[in-house]
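Right, one structure below, let's go through it.
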Amino acid sequence: MMTRPHARLLSIGLTVLGAMLMACAPQAGGGAAGAPTPEAFVTPTPRTVVTEKPRYGGLLRIAKSEDPQAIEGHIGRGGGDHTHIRAIANHLIAADDGRRLDPGNSLASKWEILDDTTIRLTLRDNILFHDGTKFDASAVKWNIERVLDPKNVSPGRGSFLVIKQVEVKDPLTVVLHLTEPNAPILFQFADRQGIMHSPASVAKWGEDHGFKYSSGTGPFEYVEWVKDSHVTVRRNKSYWKKDESGGQLPYLDEIRWQILSESRVRIAALETKQVDLMDPGSFPGDFIGRVKDKPGFVFFMTKGASTPDFRLNLDVFPMNNVNLRRAISYSLDRRALMKVAYGELGEYIGGGPMTPAFEQFFVPPDKGGVPPVERDLNKAREELKLGGYPNGFEWTIVTSTSEVNRRRVEAAQSMQAEVGIIMKPEILDDLHVQRRMYADRDAASFPGSFSDRYDPDGSIFEKYYCAPEGSGLVVGFGSYMATRKNCVVEASKALLEARRTYDLEKRKQLYLQFDKLFAEHVLGLMHGYLKRGIGYWDHVQGFVLGGDQKGEYYKTWLKQ
Amino acid sequence: MKAYMARRIVQMAPALLLATLVMFSMVFLLPGDPTVNLMGEEAATATPEQIEAFRQRYGLDQPFFIQYTTWLKNALQGDLGRSFRNREPVTESIATRLPVTLELALLSTVMAIVIGVPAGIVSAIKRNSIMDMFVTAFSVMWVALPNFWLAILLIMVFAVMLEWLPVAGYVPLALDPVGNLKSLLLPAFALGSHYAAVLARQTRSGMLEVLHQDYIRTARAKGLHERRVVLLHALKNALIPIVTLLGLHLGRVLGGTVIIETVFAIPGMGLLVIASIHGRDYMAAQGAILVLVLGIMISNLLADVTYVYVDPRIKYS
């Protein structure tokens, strides 16, 4: 008979053995490619449902994969910065998770388009920055001009260049004068450049603003940012928003984002409730299966809001030949690519660069949108003949060593090889990959993944607008491809027109036209759409997903 | 002794200088334009004019040796520059992170000694017993375990399955001493267990050698208690090679923090190095590596000095 100490030893031994097997085991969902089930394509995004009376107090602990670059709206360019910035500061104009402008969450209570180039903004009254200074029209003017000042090297500057003048009419009225009609401008204020910081705090902290302190009018105040460890914010007791029953927001006392870069550790922290919630964007696709069905765990996926692709340079072989682009396109099994690279978070349903997350603009394939490009090796071979390379060809893709890029490049390599196309990867670091593509412009392609902005213009124009000499098109602000020689002028015209019209339905049709031209001319080798996994324990209530699919916590509360 | 110490410190200077030269060259040895490497994300779409402006602003248009000597001069005055990643002065980053790494290193060393030395002693005394075979087999296996794998395994067992300890993160000592100890137990074990295994093997062989010496036989013949013979007479002499190992171990620990601190999200020097390299923040990486190199040199010096105290036959002149 086994004695108790022996039984305990055996139990611990078995536990260790189990753990050793788990540590060696392949990650769920990240392995073999295969066609996903139809359910994988339809993942509803639950909106906030509050069934109990919210409770005040508590610390919300969030696991996050990367340190912010700067907790500042105007400088820094990290995608992981937004969630911290938005806890501390507000946008002049905010957007909801369907990317519709949301006056209820904006510092401007009203906006009116007076004519094509004049917009009047009415501001909320009685709003204070955390440092006690007043938010008013002169603060708005100061913030916009700070973004526009070239010496601040703000990444949002390009989107504000259309603003010719910011006129302060009175303390609560600002008029924007534009150089030309610009429909996306209101949405630009929902991005990081539209964040309103306190002029007094920026003056006080100088270069350290955003690194040692960050100011705003938001639901939480900056406490500390211990680099590579955590960011903490605490409740702003005089926040300007109230809940539906008139109660003061926010409910939480504190939020702490714990930076856990190792994905296994991040998921283990969530599993053991060391953290309450996984920051949207930090949920590792390979580990969804490990937690999603646990009792008391809430998991859902957002609509696809990023477009992983092989970005193309149409001036360089073989991408300067439309038939060869089509041959590569037909050789790819996009569902398999998405599955290999992103596990359950990837999907391919057809469509173009307009992602399903743009609820006002996206046209699904079954309602006249772009149908999926199915893998067809016969069509690929036909295109090779038409392109003058019946036996295939060799080409080079520049790529970084990231795990996701390695997986999709290797998968695409083997798919193309079946029709004689030899894709050779040239390994560089991320920075030099982008430089080769956008500055030196001698690379044919690289694996990219672009997260949506709040307006389709921000997501699509920058990547695909081009204006070759003699086309009559102007070189657009912020377009990487502006000076390309090989260009589908019709597609660029659609993008430019969509930028210049305020009519929503007309814009929708123009973007659909662009999506169709994109598919016909293979302007990029999109793999599909990338969703975000949102996961938390059910004691977290009132979680809100922002317009950029980052978390917002002004309505969040803890049951215990 | 003092003269010896002074001579050793002077001898460290050229080695340290060489290390700084290699570190400083790092950014120039990477593929591509060093200015682009230093610019980070901004460089992806920067025009040649913007790159040139950056080059001039940070003195990168100067010849390599001018840049190096300027950096060295500033470093000697305690200015290691500012992080390109988060604009924090590098000396400030180091000042907040070094105590964390030192605490982790100290705890891992203590754990290694507490586990390794007794295991080695027992193994030597009970030579060829099941216990001896167990310690020998276990220490051989442990030496071969990569510490990142061990770290994940420890998290799986003690944090996820048994839920005894936190998965990751660091609690400052001043804030919560118990929480601090809990947050460091797994990383310290992952870092120190390799040394514990080496120490067990070294202690065993050292003890076996010493236990057959005449003076041990004499001590036993005098009727001394076996525990006194082993701990007082044998162990003291078996400790000499262990002290050598301690110096080497400290160097290894400082290197090992790069992985362990990343896995356990401990904001120490190792995480600073890895985060700076990932973020192409070469100014911070250079400063952090400089401090780690200095730490290794100092630990080797301390090991040499400790010899004198554990072995009276050694005299430094």
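Here, A, B, ... name the chains of the structure tokens in the order displayed, residue numbers run from 1 inside each chain, and ligands are numbered from 1 in the same displayed order.
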
Would you give me, as CSV, each residue of region 100-211 of chain B having an atom within 6 Å of an atom of region 263-275 of chain B, along with its shortest atom pair and that distance in Å to one decimal, using only C-alpha atoms and sorting by chain and residue number?
residue,atom,partner,partner_atom,distance
B:Val100,CA,B:Gly268,CA,5.3
B:Thr101,CA,B:Gly268,CA,5.0
B:Ala168,CA,B:Phe264,CA,4.5
B:Gly169,CA,B:Ala265,CA,5.1
B:Tyr170,CA,B:Ile266,CA,5.4

What are the nearest atom pairs, with distances in Å to one decimal, for all residues of chain A that come at most 8 Å from chain B, using only C-alpha atoms, set out by chain and rising residue number as a tab-separated table?
residue	atom	partner	partner_atom	distance
A:Thr15	CA	B:Val157	CA	6.7
A:Val16	CA	B:Val157	CA	6.1
A:Ala19	CA	B:Met156	CA	5.7
A:Met20	CA	B:Leu153	CA	6.1
A:Ala23	CA	B:Leu153	CA	6.1
A:Gln69	CA	B:Asn86	CA	6.3
A:Ala70	CA	B:Asn86	CA	6.7
A:Glu207	CA	B:Arg87	CA	7.9
A:Asp208	CA	B:Arg87	CA	7.4
A:Phe211	CA	B:Asn86	CA	6.4
A:Lys227	CA	B:Pro267	CA	7.5
A:Asp228	CA	B:Pro267	CA	6.1
A:Ser229	CA	B:Pro267	CA	5.6
A:Gln258	CA	B:Gly169	CA	7.5
A:Ile259	CA	B:Ala265	CA	7.0
A:Leu260	CA	B:Ala265	CA	5.7
A:Ser261	CA	B:Thr262	CA	7.2
A:Glu262	CA	B:Val263	CA	5.8
A:Arg264	CA	B:Ile152	CA	7.8
A:Val265	CA	B:Val167	CA	6.7
A:Ala268	CA	B:Val160	CA	6.3
A:Ala269	CA	B:Val167	CA	5.6
A:Glu271	CA	B:Val160	CA	7.3
A:Thr272	CA	B:Val160	CA	5.9
A:Gln274	CA	B:Pro166	CA	7.0
A:Leu431	CA	B:Ala44	CA	5.7
A:His432	CA	B:Ala44	CA	7.2
A:Gln434	CA	B:Ala44	CA	5.3
A:Arg435	CA	B:Ala44	CA	4.8
A:Tyr438	CA	B:Thr45	CA	5.9
A:Ala439	CA	B:Thr45	CA	5.7
A:Tyr480	CA	B:Thr45	CA	7.8

Would you write out those residues with C-alpha atoms, as a compact mmCIF listing (two decimals), in the first residue's frame?
# COMPACT_ATOMS: atom_id res chain seq x y z
CA THR A 15 2.40 16.74 -12.48
CA VAL A 16 6.00 17.51 -13.49
CA ALA A 19 4.12 19.81 -17.49
CA MET A 20 7.22 18.57 -19.31
CA ALA A 23 6.22 22.43 -22.43
CA GLN A 69 6.66 53.43 -27.05
CA ALA A 70 5.20 56.63 -25.62
CA GLU A 207 10.54 66.01 -23.60
CA ASP A 208 9.53 63.83 -20.66
CA PHE A 211 7.50 59.13 -20.75
CA LYS A 227 9.69 50.52 -18.41
CA ASP A 228 9.36 46.92 -19.61
CA SER A 229 7.38 46.08 -16.47
CA GLN A 258 1.60 44.03 -16.82
CA ILE A 259 4.03 43.68 -19.73
CA LEU A 260 4.54 39.96 -20.42
CA SER A 261 6.33 39.52 -23.72
CA GLU A 262 6.50 35.70 -23.66
CA ARG A 264 3.13 31.18 -22.93
CA VAL A 265 3.69 33.21 -19.77
CA ALA A 268 -0.48 31.26 -18.04
CA ALA A 269 -0.99 34.51 -16.13
CA GLU A 271 -5.23 31.08 -16.86
CA THR A 272 -4.23 31.40 -13.21
CA GLN A 274 -2.96 36.54 -12.02
CA LEU A 431 13.51 48.21 -40.42
CA HIS A 432 15.62 47.42 -43.45
CA GLN A 434 10.58 48.52 -44.92
CA ARG A 435 13.39 50.74 -46.08
CA TYR A 438 9.57 52.34 -49.33
CA ALA A 439 12.81 54.31 -49.40
CA TYR A 480 4.14 55.30 -49.69

When distances are computed from only C-alpha atoms, which of B:Glu209, B:Met141, B:Leu235, B:Leu290 shows the smallest separation from Val22 (chain B)?
->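 When distances to Val22 (chain B) are compared using only C-alpha atoms, the smallest one comes from B:Leu290.
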
Write out as number ranges by chain all residues of region 264-478 of chain A that backbone DSSP assigns to strand (DSSP E or B).
-> A: 277-278, 297-301, 306-312, 346-347, 394-399, 422-427, 445-451

Next, the residues of the selection above should be written as a compact mmCIF listing (two decimals), in the first residue's frame with N, CA, C and O atoms.
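Generated output (result07.txt):
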# COMPACT_ATOMS: atom_id res chain seq x y z
N LEU A 277 -7.62 40.15 -17.47
CA LEU A 277 -8.01 40.40 -18.85
C LEU A 277 -6.76 40.42 -19.74
O LEU A 277 -5.71 40.86 -19.30
N MET A 278 -6.91 39.94 -20.96
CA MET A 278 -5.80 40.04 -21.92
C MET A 278 -6.05 41.26 -22.79
O MET A 278 -7.14 41.42 -23.35
N PHE A 297 -14.89 31.98 -18.22
CA PHE A 297 -14.01 32.75 -19.10
C PHE A 297 -14.82 33.26 -20.29
O PHE A 297 -15.58 32.51 -20.90
N VAL A 298 -14.66 34.54 -20.59
CA VAL A 298 -15.38 35.14 -21.71
C VAL A 298 -14.40 35.30 -22.86
O VAL A 298 -13.33 35.89 -22.68
N PHE A 299 -14.76 34.76 -24.01
CA PHE A 299 -13.87 34.91 -25.16
C PHE A 299 -14.70 35.21 -26.40
O PHE A 299 -15.72 34.59 -26.64
N PHE A 300 -14.24 36.19 -27.16
CA PHE A 300 -14.85 36.41 -28.48
C PHE A 300 -13.80 37.01 -29.40
O PHE A 300 -12.74 37.43 -28.96
N MET A 301 -14.13 36.97 -30.67
CA MET A 301 -13.21 37.54 -31.64
C MET A 301 -13.86 38.75 -32.30
O MET A 301 -15.06 38.76 -32.55
N SER A 306 -7.31 43.83 -39.68
CA SER A 306 -5.96 43.99 -40.23
C SER A 306 -5.89 43.15 -41.49
O SER A 306 -6.60 42.16 -41.62
N THR A 307 -5.03 43.56 -42.39
CA THR A 307 -4.92 42.85 -43.65
C THR A 307 -3.50 42.35 -43.87
O THR A 307 -2.68 43.04 -44.46
N PRO A 308 -3.18 41.14 -43.38
CA PRO A 308 -1.87 40.57 -43.67
C PRO A 308 -1.75 40.33 -45.18
O PRO A 308 -2.69 39.85 -45.80
N ASP A 309 -0.64 40.69 -45.74
CA ASP A 309 -0.48 40.57 -47.20
C ASP A 309 0.99 40.49 -47.57
O ASP A 309 1.87 40.64 -46.72
N PHE A 310 1.24 40.22 -48.83
CA PHE A 310 2.56 40.48 -49.40
C PHE A 310 2.42 41.80 -50.13
O PHE A 310 1.74 41.89 -51.15
N ARG A 311 3.01 42.84 -49.56
CA ARG A 311 2.94 44.18 -50.15
C ARG A 311 3.77 44.18 -51.43
O ARG A 311 4.86 43.59 -51.46
N LEU A 312 3.28 44.79 -52.50
CA LEU A 312 3.97 44.69 -53.79
C LEU A 312 4.53 46.03 -54.25
O LEU A 312 3.92 47.08 -54.03
N GLY A 346 -7.15 34.11 -37.89
CA GLY A 346 -7.13 34.47 -39.30
C GLY A 346 -8.39 34.00 -40.00
O GLY A 346 -8.99 33.00 -39.63
N GLU A 347 -8.81 34.74 -41.04
CA GLU A 347 -9.94 34.28 -41.86
C GLU A 347 -9.75 34.77 -43.29
O GLU A 347 -9.08 35.80 -43.51
N GLU A 394 11.95 32.88 -61.05
CA GLU A 394 12.50 32.99 -59.69
C GLU A 394 12.38 34.44 -59.25
O GLU A 394 12.62 35.34 -60.04
N TRP A 395 12.00 34.67 -58.03
CA TRP A 395 11.96 36.05 -57.53
C TRP A 395 12.29 36.08 -56.05
O TRP A 395 12.29 35.04 -55.38
N THR A 396 12.56 37.29 -55.56
CA THR A 396 13.02 37.43 -54.17
C THR A 396 12.05 38.30 -53.38
O THR A 396 11.63 39.35 -53.84
N ILE A 397 11.73 37.82 -52.18
CA ILE A 397 10.90 38.60 -51.26
C ILE A 397 11.80 39.00 -50.08
O ILE A 397 12.57 38.17 -49.60
N VAL A 398 11.73 40.24 -49.66
CA VAL A 398 12.51 40.62 -48.46
C VAL A 398 11.63 40.40 -47.24
O VAL A 398 10.45 40.73 -47.26
N THR A 399 12.20 39.81 -46.22
CA THR A 399 11.38 39.48 -45.06
C THR A 399 12.19 39.53 -43.77
O THR A 399 13.40 39.34 -43.79
N ILE A 422 9.69 30.06 -58.07
CA ILE A 422 10.62 29.89 -56.95
C ILE A 422 10.73 31.23 -56.23
O ILE A 422 11.28 32.19 -56.77
N MET A 423 10.19 31.30 -55.04
CA MET A 423 10.27 32.54 -54.24
C MET A 423 11.41 32.39 -53.23
O MET A 423 11.38 31.48 -52.41
N LYS A 424 12.39 33.28 -53.34
CA LYS A 424 13.53 33.19 -52.43
C LYS A 424 13.44 34.27 -51.37
O LYS A 424 13.32 35.45 -51.72
N PRO A 425 13.49 33.92 -50.10
CA PRO A 425 13.44 34.97 -49.08
C PRO A 425 14.82 35.60 -48.85
O PRO A 425 15.82 34.88 -48.80
N GLU A 426 14.86 36.92 -48.76
CA GLU A 426 16.09 37.61 -48.36
C GLU A 426 15.82 38.13 -46.95
O GLU A 426 14.93 38.96 -46.75
N ILE A 427 16.56 37.61 -45.98
CA ILE A 427 16.26 37.91 -44.57
C ILE A 427 16.96 39.20 -44.14
O ILE A 427 18.18 39.32 -44.24
N SER A 445 8.71 42.78 -53.00
CA SER A 445 7.61 42.50 -52.07
C SER A 445 8.14 42.25 -50.67
O SER A 445 9.30 41.89 -50.50
N PHE A 446 7.28 42.45 -49.69
CA PHE A 446 7.59 42.03 -48.33
C PHE A 446 6.31 41.65 -47.61
O PHE A 446 5.23 42.12 -47.96
N PRO A 447 6.40 40.77 -46.60
CA PRO A 447 5.19 40.41 -45.88
C PRO A 447 4.83 41.51 -44.89
O PRO A 447 5.62 41.85 -44.02
N GLY A 448 3.66 42.09 -45.08
CA GLY A 448 3.22 43.16 -44.20
C GLY A 448 1.94 42.78 -43.49
O GLY A 448 1.32 41.77 -43.79
N SER A 449 1.55 43.60 -42.54
CA SER A 449 0.24 43.44 -41.92
C SER A 449 -0.15 44.80 -41.39
O SER A 449 0.53 45.36 -40.53
N PHE A 450 -1.18 45.34 -41.94
CA PHE A 450 -1.53 46.72 -41.64
C PHE A 450 -2.80 46.77 -40.81
O PHE A 450 -3.82 46.24 -41.21
N SER A 451 -2.73 47.41 -39.65
CA SER A 451 -3.93 47.55 -38.82
C SER A 451 -4.74 48.73 -39.31
O SER A 451 -4.18 49.76 -39.68

Pick out the residues sitting within 10 Å of region 349-358 of chain A, and hand them over as a ChimeraX atom specification; count only C-alpha atoms, and ignore anything fewer than 6 positions along from it in its own chain.
-> /A:38,41-42,97-100,302-309,334-335,364-366,368-374,450-457,459-460,463-464,508,511-512,514-519,523-531,547-549

7 Å contact set for Val433 (chain A), only C-alpha atoms, chain neighbours under 3 positions out, as a VMD selection string = chain A and resid 398 to 400 428 to 430 436 to 437

Within 7 Å of Val275 (chain A), counting only C-alpha atoms, which residues qualify if same-chain residues fewer than 2 places away don't, as a CSV table (one decimal) with C-alpha atoms, in the first residue's frame?
chain,number,residue,atom,x,y,z
A,61,ARG,CA,-5.0,43.7,-14.0
A,62,ILE,CA,-4.3,43.4,-17.7
A,63,ALA,CA,-1.6,41.3,-19.5
A,269,ALA,CA,-1.0,34.5,-16.1
A,270,LEU,CA,-4.5,34.7,-17.5
A,273,LYS,CA,-6.1,34.7,-12.8
A,277,LEU,CA,-8.0,40.4,-18.9

Using only C-alpha atoms, determine which residues lie at most 12 Å from Gln416 (chain A), disregarding the query and same-chain residues fewer than 5 positions distant; provide the list as a compact mmCIF listing (two decimals) with N, CA and C atoms, in the first residue's frame.
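This went into out.txt:
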# COMPACT_ATOMS: atom_id res chain seq x y z
N LEU A 324 2.07 37.80 -64.16
CA LEU A 324 2.88 37.08 -63.15
C LEU A 324 2.32 37.30 -61.75
N ARG A 325 1.80 38.50 -61.51
CA ARG A 325 1.14 38.75 -60.22
C ARG A 325 -0.06 37.82 -60.06
N ARG A 326 -0.82 37.68 -61.16
CA ARG A 326 -2.00 36.80 -61.09
C ARG A 326 -1.57 35.35 -60.90
N ALA A 327 -0.48 34.96 -61.57
CA ALA A 327 -0.01 33.57 -61.44
C ALA A 327 0.32 33.28 -59.97
N ILE A 328 1.01 34.22 -59.33
CA ILE A 328 1.35 34.02 -57.90
C ILE A 328 0.05 33.95 -57.09
N SER A 329 -0.87 34.88 -57.42
CA SER A 329 -2.12 34.96 -56.66
C SER A 329 -2.90 33.64 -56.74
N TYR A 330 -3.00 33.06 -57.95
CA TYR A 330 -3.74 31.81 -58.10
C TYR A 330 -3.03 30.63 -57.43
N SER A 331 -1.73 30.74 -57.27
CA SER A 331 -1.00 29.61 -56.66
C SER A 331 -1.18 29.57 -55.13
N LEU A 332 -1.66 30.67 -54.55
CA LEU A 332 -1.74 30.74 -53.07
C LEU A 332 -3.06 30.19 -52.53
N ASP A 333 -2.94 29.41 -51.48
CA ASP A 333 -4.13 28.97 -50.74
C ASP A 333 -4.23 29.89 -49.52
N ARG A 375 -7.58 28.97 -54.82
CA ARG A 375 -6.35 28.43 -55.41
C ARG A 375 -6.70 27.64 -56.67
N ASP A 376 -6.03 27.96 -57.79
CA ASP A 376 -6.30 27.27 -59.05
C ASP A 376 -4.99 27.18 -59.82
N LEU A 377 -4.37 26.01 -59.74
CA LEU A 377 -3.03 25.87 -60.35
C LEU A 377 -3.09 25.94 -61.87
N ALA A 380 -3.13 29.50 -62.73
CA ALA A 380 -1.79 30.04 -62.46
C ALA A 380 -0.86 29.74 -63.64
N ARG A 381 -0.94 28.51 -64.15
CA ARG A 381 -0.06 28.13 -65.29
C ARG A 381 -0.42 28.92 -66.54
N LEU A 384 1.03 32.28 -66.26
CA LEU A 384 2.49 32.22 -66.47
C LEU A 384 2.79 32.27 -67.97
N GLY A 392 7.70 28.98 -65.30
CA GLY A 392 7.89 29.59 -63.97
C GLY A 392 9.06 30.56 -63.97
N PHE A 393 9.34 31.11 -62.83
CA PHE A 393 10.44 32.09 -62.70
C PHE A 393 10.89 32.12 -61.25
N GLU A 394 11.95 32.88 -61.05
CA GLU A 394 12.50 32.99 -59.69
C GLU A 394 12.38 34.44 -59.25
N TRP A 395 12.00 34.67 -58.03
CA TRP A 395 11.96 36.05 -57.53
C TRP A 395 12.29 36.08 -56.05
N VAL A 409 5.85 32.96 -45.20
CA VAL A 409 6.76 32.92 -46.35
C VAL A 409 7.05 31.47 -46.73
N GLU A 410 7.29 30.64 -45.72
CA GLU A 410 7.58 29.23 -46.03
C GLU A 410 6.38 28.55 -46.69
N ALA A 411 5.17 28.85 -46.17
CA ALA A 411 3.97 28.23 -46.75
C ALA A 411 3.78 28.71 -48.19
N ILE A 421 7.15 28.48 -59.67
CA ILE A 421 7.59 29.82 -59.21
C ILE A 421 8.46 29.62 -57.97
N ILE A 422 9.69 30.06 -58.07
CA ILE A 422 10.62 29.89 -56.95
C ILE A 422 10.73 31.23 -56.23
N MET A 423 10.19 31.30 -55.04
CA MET A 423 10.27 32.54 -54.24
C MET A 423 11.41 32.39 -53.23
N LYS A 424 12.39 33.28 -53.34
CA LYS A 424 13.53 33.19 -52.43
C LYS A 424 13.44 34.27 -51.37

Selection near Asp243 (chain A), 8 Å with only C-alpha atoms, sequence-local residues under 5 positions removed, as number ranges by chain = A: 248-249, 555

So which one's closest to Ala144 (chain B), B:His194, B:Ser123, B:Leu184, B:Trp164? Using only C-alpha atoms, please.
->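 Nearest to Ala144 (chain B): B:His194.
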